[in-house]
Structures are given as structure tokens and as C-alpha cells.
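Novice: Dropping in data.pdb, which is PDB, C-alpha atoms, pLDDT in the B column:
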```
MODEL        1
ATOM      1  CA  MET A   1       8.958   1.961 -11.414  1.00 91.00           C
ATOM      2  CA  ALA A   2       6.168   3.873 -13.157  1.00 95.00           C
ATOM      3  CA  LEU A   3       4.610   2.086 -16.141  1.00 96.00           C
ATOM      4  CA  GLU A   4       4.785   3.574 -19.619  1.00 97.00           C
ATOM      5  CA  ILE A   5       1.157   3.941 -20.668  1.00 98.00           C
ATOM      6  CA  THR A   6       0.248   4.413 -24.332  1.00 98.00           C
ATOM      7  CA  ASP A   7      -2.917   5.222 -26.243  1.00 97.00           C
ATOM      8  CA  GLN A   8      -3.135   1.484 -26.970  1.00 97.00           C
ATOM      9  CA  SER A   9      -2.632   0.256 -23.379  1.00 98.00           C
ATOM     10  CA  PHE A  10      -4.599   2.992 -21.578  1.00 98.00           C
ATOM     11  CA  LYS A  11      -7.932   1.159 -21.415  1.00 97.00           C
ATOM     12  CA  GLU A  12      -6.412  -2.080 -20.142  1.00 97.00           C
ATOM     13  CA  VAL A  13      -3.954  -0.532 -17.654  1.00 97.00           C
ATOM     14  CA  VAL A  14      -6.001   2.408 -16.359  1.00 98.00           C
ATOM     15  CA  LEU A  15      -9.718   2.050 -17.065  1.00 97.00           C
ATOM     16  CA  ASN A  16      -9.934  -1.691 -16.322  1.00 97.00           C
ATOM     17  CA  SER A  17      -7.744  -1.595 -13.187  1.00 97.00           C
ATOM     18  CA  ASP A  18      -9.164  -2.863  -9.909  1.00 96.00           C
ATOM     19  CA  LYS A  19      -6.717  -0.557  -8.076  1.00 97.00           C
ATOM     20  CA  PRO A  20      -6.469   3.242  -8.066  1.00 98.00           C
ATOM     21  CA  VAL A  21      -4.238   4.543 -10.871  1.00 98.00           C
ATOM     22  CA  LEU A  22      -2.086   7.689 -10.841  1.00 98.00           C
ATOM     23  CA  VAL A  23      -1.271   8.836 -14.383  1.00 98.00           C
ATOM     24  CA  ASP A  24       1.453  11.427 -15.002  1.00 98.00           C
ATOM     25  CA  PHE A  25       0.940  13.293 -18.301  1.00 98.00           C
ATOM     26  CA  TRP A  26       4.373  14.625 -19.303  1.00 98.00           C
ATOM     27  CA  ALA A  27       6.792  15.366 -22.171  1.00 97.00           C
ATOM     28  CA  VAL A  28      10.552  15.039 -22.593  1.00 96.00           C
ATOM     29  CA  TRP A  29      10.985  18.763 -23.370  1.00 97.00           C
ATOM     30  CA  CYS A  30       9.033  19.923 -20.282  1.00 97.00           C
ATOM     31  CA  GLY A  31      11.317  21.189 -17.486  1.00 97.00           C
ATOM     32  CA  PRO A  32       8.736  20.935 -14.682  1.00 98.00           C
ATOM     33  CA  CYS A  33       7.898  17.389 -15.897  1.00 98.00           C
ATOM     34  CA  ARG A  34      11.547  16.408 -15.467  1.00 96.00           C
ATOM     35  CA  MET A  35      11.470  17.866 -11.930  1.00 97.00           C
ATOM     36  CA  LEU A  36       8.351  15.832 -11.095  1.00 98.00           C
ATOM     37  CA  GLY A  37       9.625  12.595 -12.689  1.00 97.00           C
ATOM     38  CA  PRO A  38      11.731  11.345  -9.750  1.00 97.00           C
ATOM     39  CA  ILE A  39       8.872  12.099  -7.344  1.00 98.00           C
ATOM     40  CA  VAL A  40       6.456  10.040  -9.459  1.00 98.00           C
ATOM     41  CA  GLU A  41       8.987   7.173  -9.483  1.00 98.00           C
ATOM     42  CA  GLU A  42       9.217   7.297  -5.657  1.00 98.00           C
ATOM     43  CA  VAL A  43       5.423   7.273  -5.370  1.00 98.00           C
ATOM     44  CA  ALA A  44       5.348   4.244  -7.714  1.00 98.00           C
ATOM     45  CA  GLU A  45       7.720   2.373  -5.378  1.00 98.00           C
ATOM     46  CA  ASP A  46       5.818   3.401  -2.237  1.00 97.00           C
ATOM     47  CA  PHE A  47       2.451   2.275  -3.632  1.00 98.00           C
ATOM     48  CA  GLU A  48       3.633  -0.952  -5.274  1.00 96.00           C
ATOM     49  CA  GLY A  49       0.886  -3.555  -4.846  1.00 96.00           C
ATOM     50  CA  LYS A  50      -1.623  -0.951  -3.617  1.00 97.00           C
ATOM     51  CA  ALA A  51      -1.995   1.319  -6.663  1.00 98.00           C
ATOM     52  CA  ILE A  52      -0.715   1.596 -10.216  1.00 97.00           C
ATOM     53  CA  VAL A  53       1.473   4.544 -11.170  1.00 98.00           C
ATOM     54  CA  GLY A  54       2.069   5.273 -14.831  1.00 98.00           C
ATOM     55  CA  LYS A  55       3.278   7.917 -17.248  1.00 98.00           C
ATOM     56  CA  VAL A  56       1.805   9.078 -20.556  1.00 98.00           C
ATOM     57  CA  ASP A  57       4.139  10.923 -22.950  1.00 98.00           C
ATOM     58  CA  VAL A  58       1.742  13.498 -24.427  1.00 97.00           C
ATOM     59  CA  ASP A  59       3.779  13.865 -27.625  1.00 97.00           C
ATOM     60  CA  ASN A  60       3.606  10.154 -28.451  1.00 97.00           C
ATOM     61  CA  ASN A  61       0.104   9.493 -27.079  1.00 96.00           C
ATOM     62  CA  GLN A  62      -2.055  12.381 -28.164  1.00 96.00           C
ATOM     63  CA  GLN A  63      -5.421  10.579 -28.171  1.00 97.00           C
ATOM     64  CA  VAL A  64      -5.504   9.959 -24.407  1.00 97.00           C
ATOM     65  CA  SER A  65      -4.293  13.505 -23.778  1.00 96.00           C
ATOM     66  CA  VAL A  66      -7.118  14.918 -25.934  1.00 96.00           C
ATOM     67  CA  ASP A  67      -9.700  12.578 -24.385  1.00 97.00           C
ATOM     68  CA  TYR A  68      -8.909  13.900 -20.898  1.00 97.00           C
ATOM     69  CA  GLY A  69      -8.437  17.548 -21.860  1.00 96.00           C
ATOM     70  CA  ILE A  70      -4.788  17.757 -20.891  1.00 97.00           C
ATOM     71  CA  ARG A  71      -3.758  21.343 -21.653  1.00 94.00           C
ATOM     72  CA  ASN A  72      -0.937  21.887 -19.159  1.00 96.00           C
ATOM     73  CA  ILE A  73       1.831  19.525 -18.197  1.00 98.00           C
ATOM     74  CA  PRO A  74       2.722  18.052 -15.871  1.00 98.00           C
ATOM     75  CA  THR A  75      -0.804  16.974 -14.981  1.00 98.00           C
ATOM     76  CA  LEU A  76      -1.511  14.015 -12.725  1.00 98.00           C
ATOM     77  CA  LEU A  77      -4.901  12.320 -12.908  1.00 98.00           C
ATOM     78  CA  ILE A  78      -6.061   9.789 -10.342  1.00 98.00           C
ATOM     79  CA  PHE A  79      -8.489   7.158 -11.625  1.00 98.00           C
ATOM     80  CA  LYS A  80     -10.654   4.803  -9.598  1.00 98.00           C
ATOM     81  CA  ASN A  81     -13.013   2.292 -11.204  1.00 97.00           C
ATOM     82  CA  GLY A  82     -12.275   3.818 -14.614  1.00 96.00           C
ATOM     83  CA  GLN A  83     -13.248   7.365 -13.580  1.00 97.00           C
ATOM     84  CA  VAL A  84     -11.138  10.448 -12.861  1.00 98.00           C
ATOM     85  CA  VAL A  85     -11.455  11.123  -9.122  1.00 98.00           C
ATOM     86  CA  ASP A  86      -8.722  13.742  -8.661  1.00 98.00           C
ATOM     87  CA  LYS A  87      -6.444  16.042 -10.661  1.00 98.00           C
ATOM     88  CA  ILE A  88      -3.128  17.674  -9.778  1.00 97.00           C
ATOM     89  CA  VAL A  89      -1.650  20.273 -12.146  1.00 97.00           C
ATOM     90  CA  GLY A  90       1.976  21.372 -11.917  1.00 97.00           C
ATOM     91  CA  VAL A  91       4.863  20.294  -9.717  1.00 97.00           C
ATOM     92  CA  ASN A  92       3.861  19.308  -6.193  1.00 97.00           C
ATOM     93  CA  SER A  93       5.578  17.622  -3.252  1.00 97.00           C
ATOM     94  CA  LYS A  94       5.724  13.873  -2.816  1.00 98.00           C
ATOM     95  CA  GLU A  95       3.738  14.310   0.413  1.00 98.00           C
ATOM     96  CA  PHE A  96       0.919  16.142  -1.400  1.00 98.00           C
ATOM     97  CA  ILE A  97       0.718  13.543  -4.183  1.00 98.00           C
ATOM     98  CA  THR A  98       0.890  10.663  -1.678  1.00 98.00           C
ATOM     99  CA  GLU A  99      -1.904  12.191   0.386  1.00 98.00           C
ATOM    100  CA  LYS A 100      -4.143  12.603  -2.691  1.00 98.00           C
ATOM    101  CA  LEU A 101      -3.514   9.028  -3.889  1.00 98.00           C
ATOM    102  CA  SER A 102      -3.911   7.523  -0.395  1.00 98.00           C
ATOM    103  CA  ALA A 103      -7.389   9.058  -0.147  1.00 97.00           C
ATOM    104  CA  HIS A 104      -8.528   6.701  -2.945  1.00 97.00           C
ATOM    105  CA  LEU A 105      -7.105   3.401  -1.657  1.00 95.00           C
TER
ENDMDL
END
```
Please go through the file and, once you have read it, give me the structure as C-alpha cells.
Specialist:
Amino acid sequence: MALEITDQSFKEVVLNSDKPVLVDFWAVWCGPCRMLGPIVEEVAEDFEGKAIVGKVDVDNNQQVSVDYGIRNIPTLLIFKNGQVVDKIVGVNSKEFITEKLSAHL
């Protein structure tokens, strides 16, 4: 299951991780975000132990969203060693997301 990441936990969970981290920036009211949600959950299961998959609710965690210039949702950012190494905007297939994340393992 994807972790709920907050402004308060972002540094510890994402920036200090020794594994790649996929972060889904989303909101409850966003239709495309709800379409992508189950895909992100599947990716979280598939990568358990290899990568961290988390979700940031942009309405409740505005600081992280501002810090990373999130203007459109859903946006997925992939972090490695505390740095953004890839970005996916909009709804994409599980295969596409898996391929992007696998490249950073």
C-alpha cells in the first residue's frame, strides 16, 4: 500500500530514503487522480522492498507541492538520493510507470 506522505514526513520518508521513491501528488476532488490511484497502489505492491511509493494530498500538504512546483495533478515524481530524477504528469499506464521507476533501482 502507498504511504501517506505529509509536509512533516516528506524529508524523512522521501529525501532521506536509501531506496528510490515514487511520489504521487493528488487530490480527492481530482478525477484523473482517482483513475491513477489504483495503479499507484499496484505499483506500491510490486515494488515492495525495492522502492518506496507514497502519496501527497496537495490540499493538505501545500508546502511540499509548492517546493516542487506542482501545478498539475496527478503528477508523479521519482526521487533518488534526495533528488528528483524523473517526472510523470497525467494518467499513464502501470507499464509506463513501472518502466520509469525500474530505471532508477
Novice: Counting all atoms listed in the file, figure out which residue out of A:Ile78, A:Val66, A:Val58, A:Val84 gets nearest to Trp26 in chain A.
Specialist: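 So, comparing all the options, the nearest one is A:Val58.
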Novice: Of the residues A:Pro20, A:Met1, A:Ser9, A:Glu42, which is the one nearest to Leu77 in chain A, using only C-alpha atoms?
Specialist: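 Among A:Pro20, A:Met1, A:Ser9, A:Glu42, it is A:Pro20 that comes nearest to Leu77 in chain A.
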Novice: Between A:Ile73, A:Val56, A:Ile5, A:Ile39, which one has atoms that come closest to Ile97 in chain A, using all atoms listed in the file?
Specialist: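 Nearest to Ile97 in chain A: A:Ile39.
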Novice: Would you mind telling me which residue in A:Lys80, A:Val21, A:Glu4, A:Asn72 lies nearest to Val43 in chain A when using all atoms listed in the file?
Specialist: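 Answer, going by the shortest atom-to-atom distance: A:Val21.
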Novice: CA of Ile52 in chain A and CA of Pro74 in chain A are how many Å apart?
Specialist: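 A separation of 17.7 Å between them.
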Novice: Take the PyMOL selection byres ((chain A and resi 100) around 12), apply it to the structure above, and return the hits as a list of chain:residue names.
Specialist: A:Pro20, A:Val21, A:Leu22, A:Val43, A:Leu76, A:Leu77, A:Ile78, A:Phe79, A:Val85, A:Asp86, A:Lys87, A:Ile88, A:Asn92, A:Ser93, A:Lys94, A:Glu95, A:Phe96, A:Ile97, A:Thr98, A:Glu99, A:Leu101, A:Ser102, A:Ala103, A:His104, A:Leu105
Novice: Draw an axis-aligned box tight on the listed atoms of range 12-28 of chain A, then pad every side by 4 Å and write out centre and edge lengths in Å to one decimal as AutoDock Vina command-line options.
Specialist:
```
--center_x 0.3 --center_y 6.3 --center_z -15.3 --size_x 28.5 --size_y 26.2 --size_z 22.5
```
Novice: Hey, can you check how far CA of Pro32 in chain A sits from CA of Gly90 in chain A?
Specialist: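 Between CA of Pro32 in chain A and CA of Gly90 in chain A the gap is 7.3 Å.
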Novice: Just the number, please: distance in Å from CA of Gly37 in chain A to CA of Gln8 in chain A, one decimal.
Specialist: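 Here the two named atoms are 22.1 Å from each other.
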Novice: Select, from A:Leu3, A:Val89, A:Leu15, A:Val64, the residue with the minimum atom-to-atom distance to Glu41 in chain A, counting only C-alpha atoms.
Specialist: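 So, comparing all the options, the nearest one is A:Leu3.
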Novice: For a quick check of understanding, using all atoms listed in the file, which of A:Leu36, A:Ala44, A:Val14, A:Val28 has the smallest distance to Ala2 in chain A?
Specialist: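 Ranked by minimum distance to Ala2 in chain A, first place goes to A:Ala44.
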Novice: Just the residues within 10 Å of Asn60 in chain A, please, counting all atoms listed in the file, with nothing from its chain fewer than 6 positions along; format it as a PyMOL selection string.
Specialist: chain A and resi 6-7+27
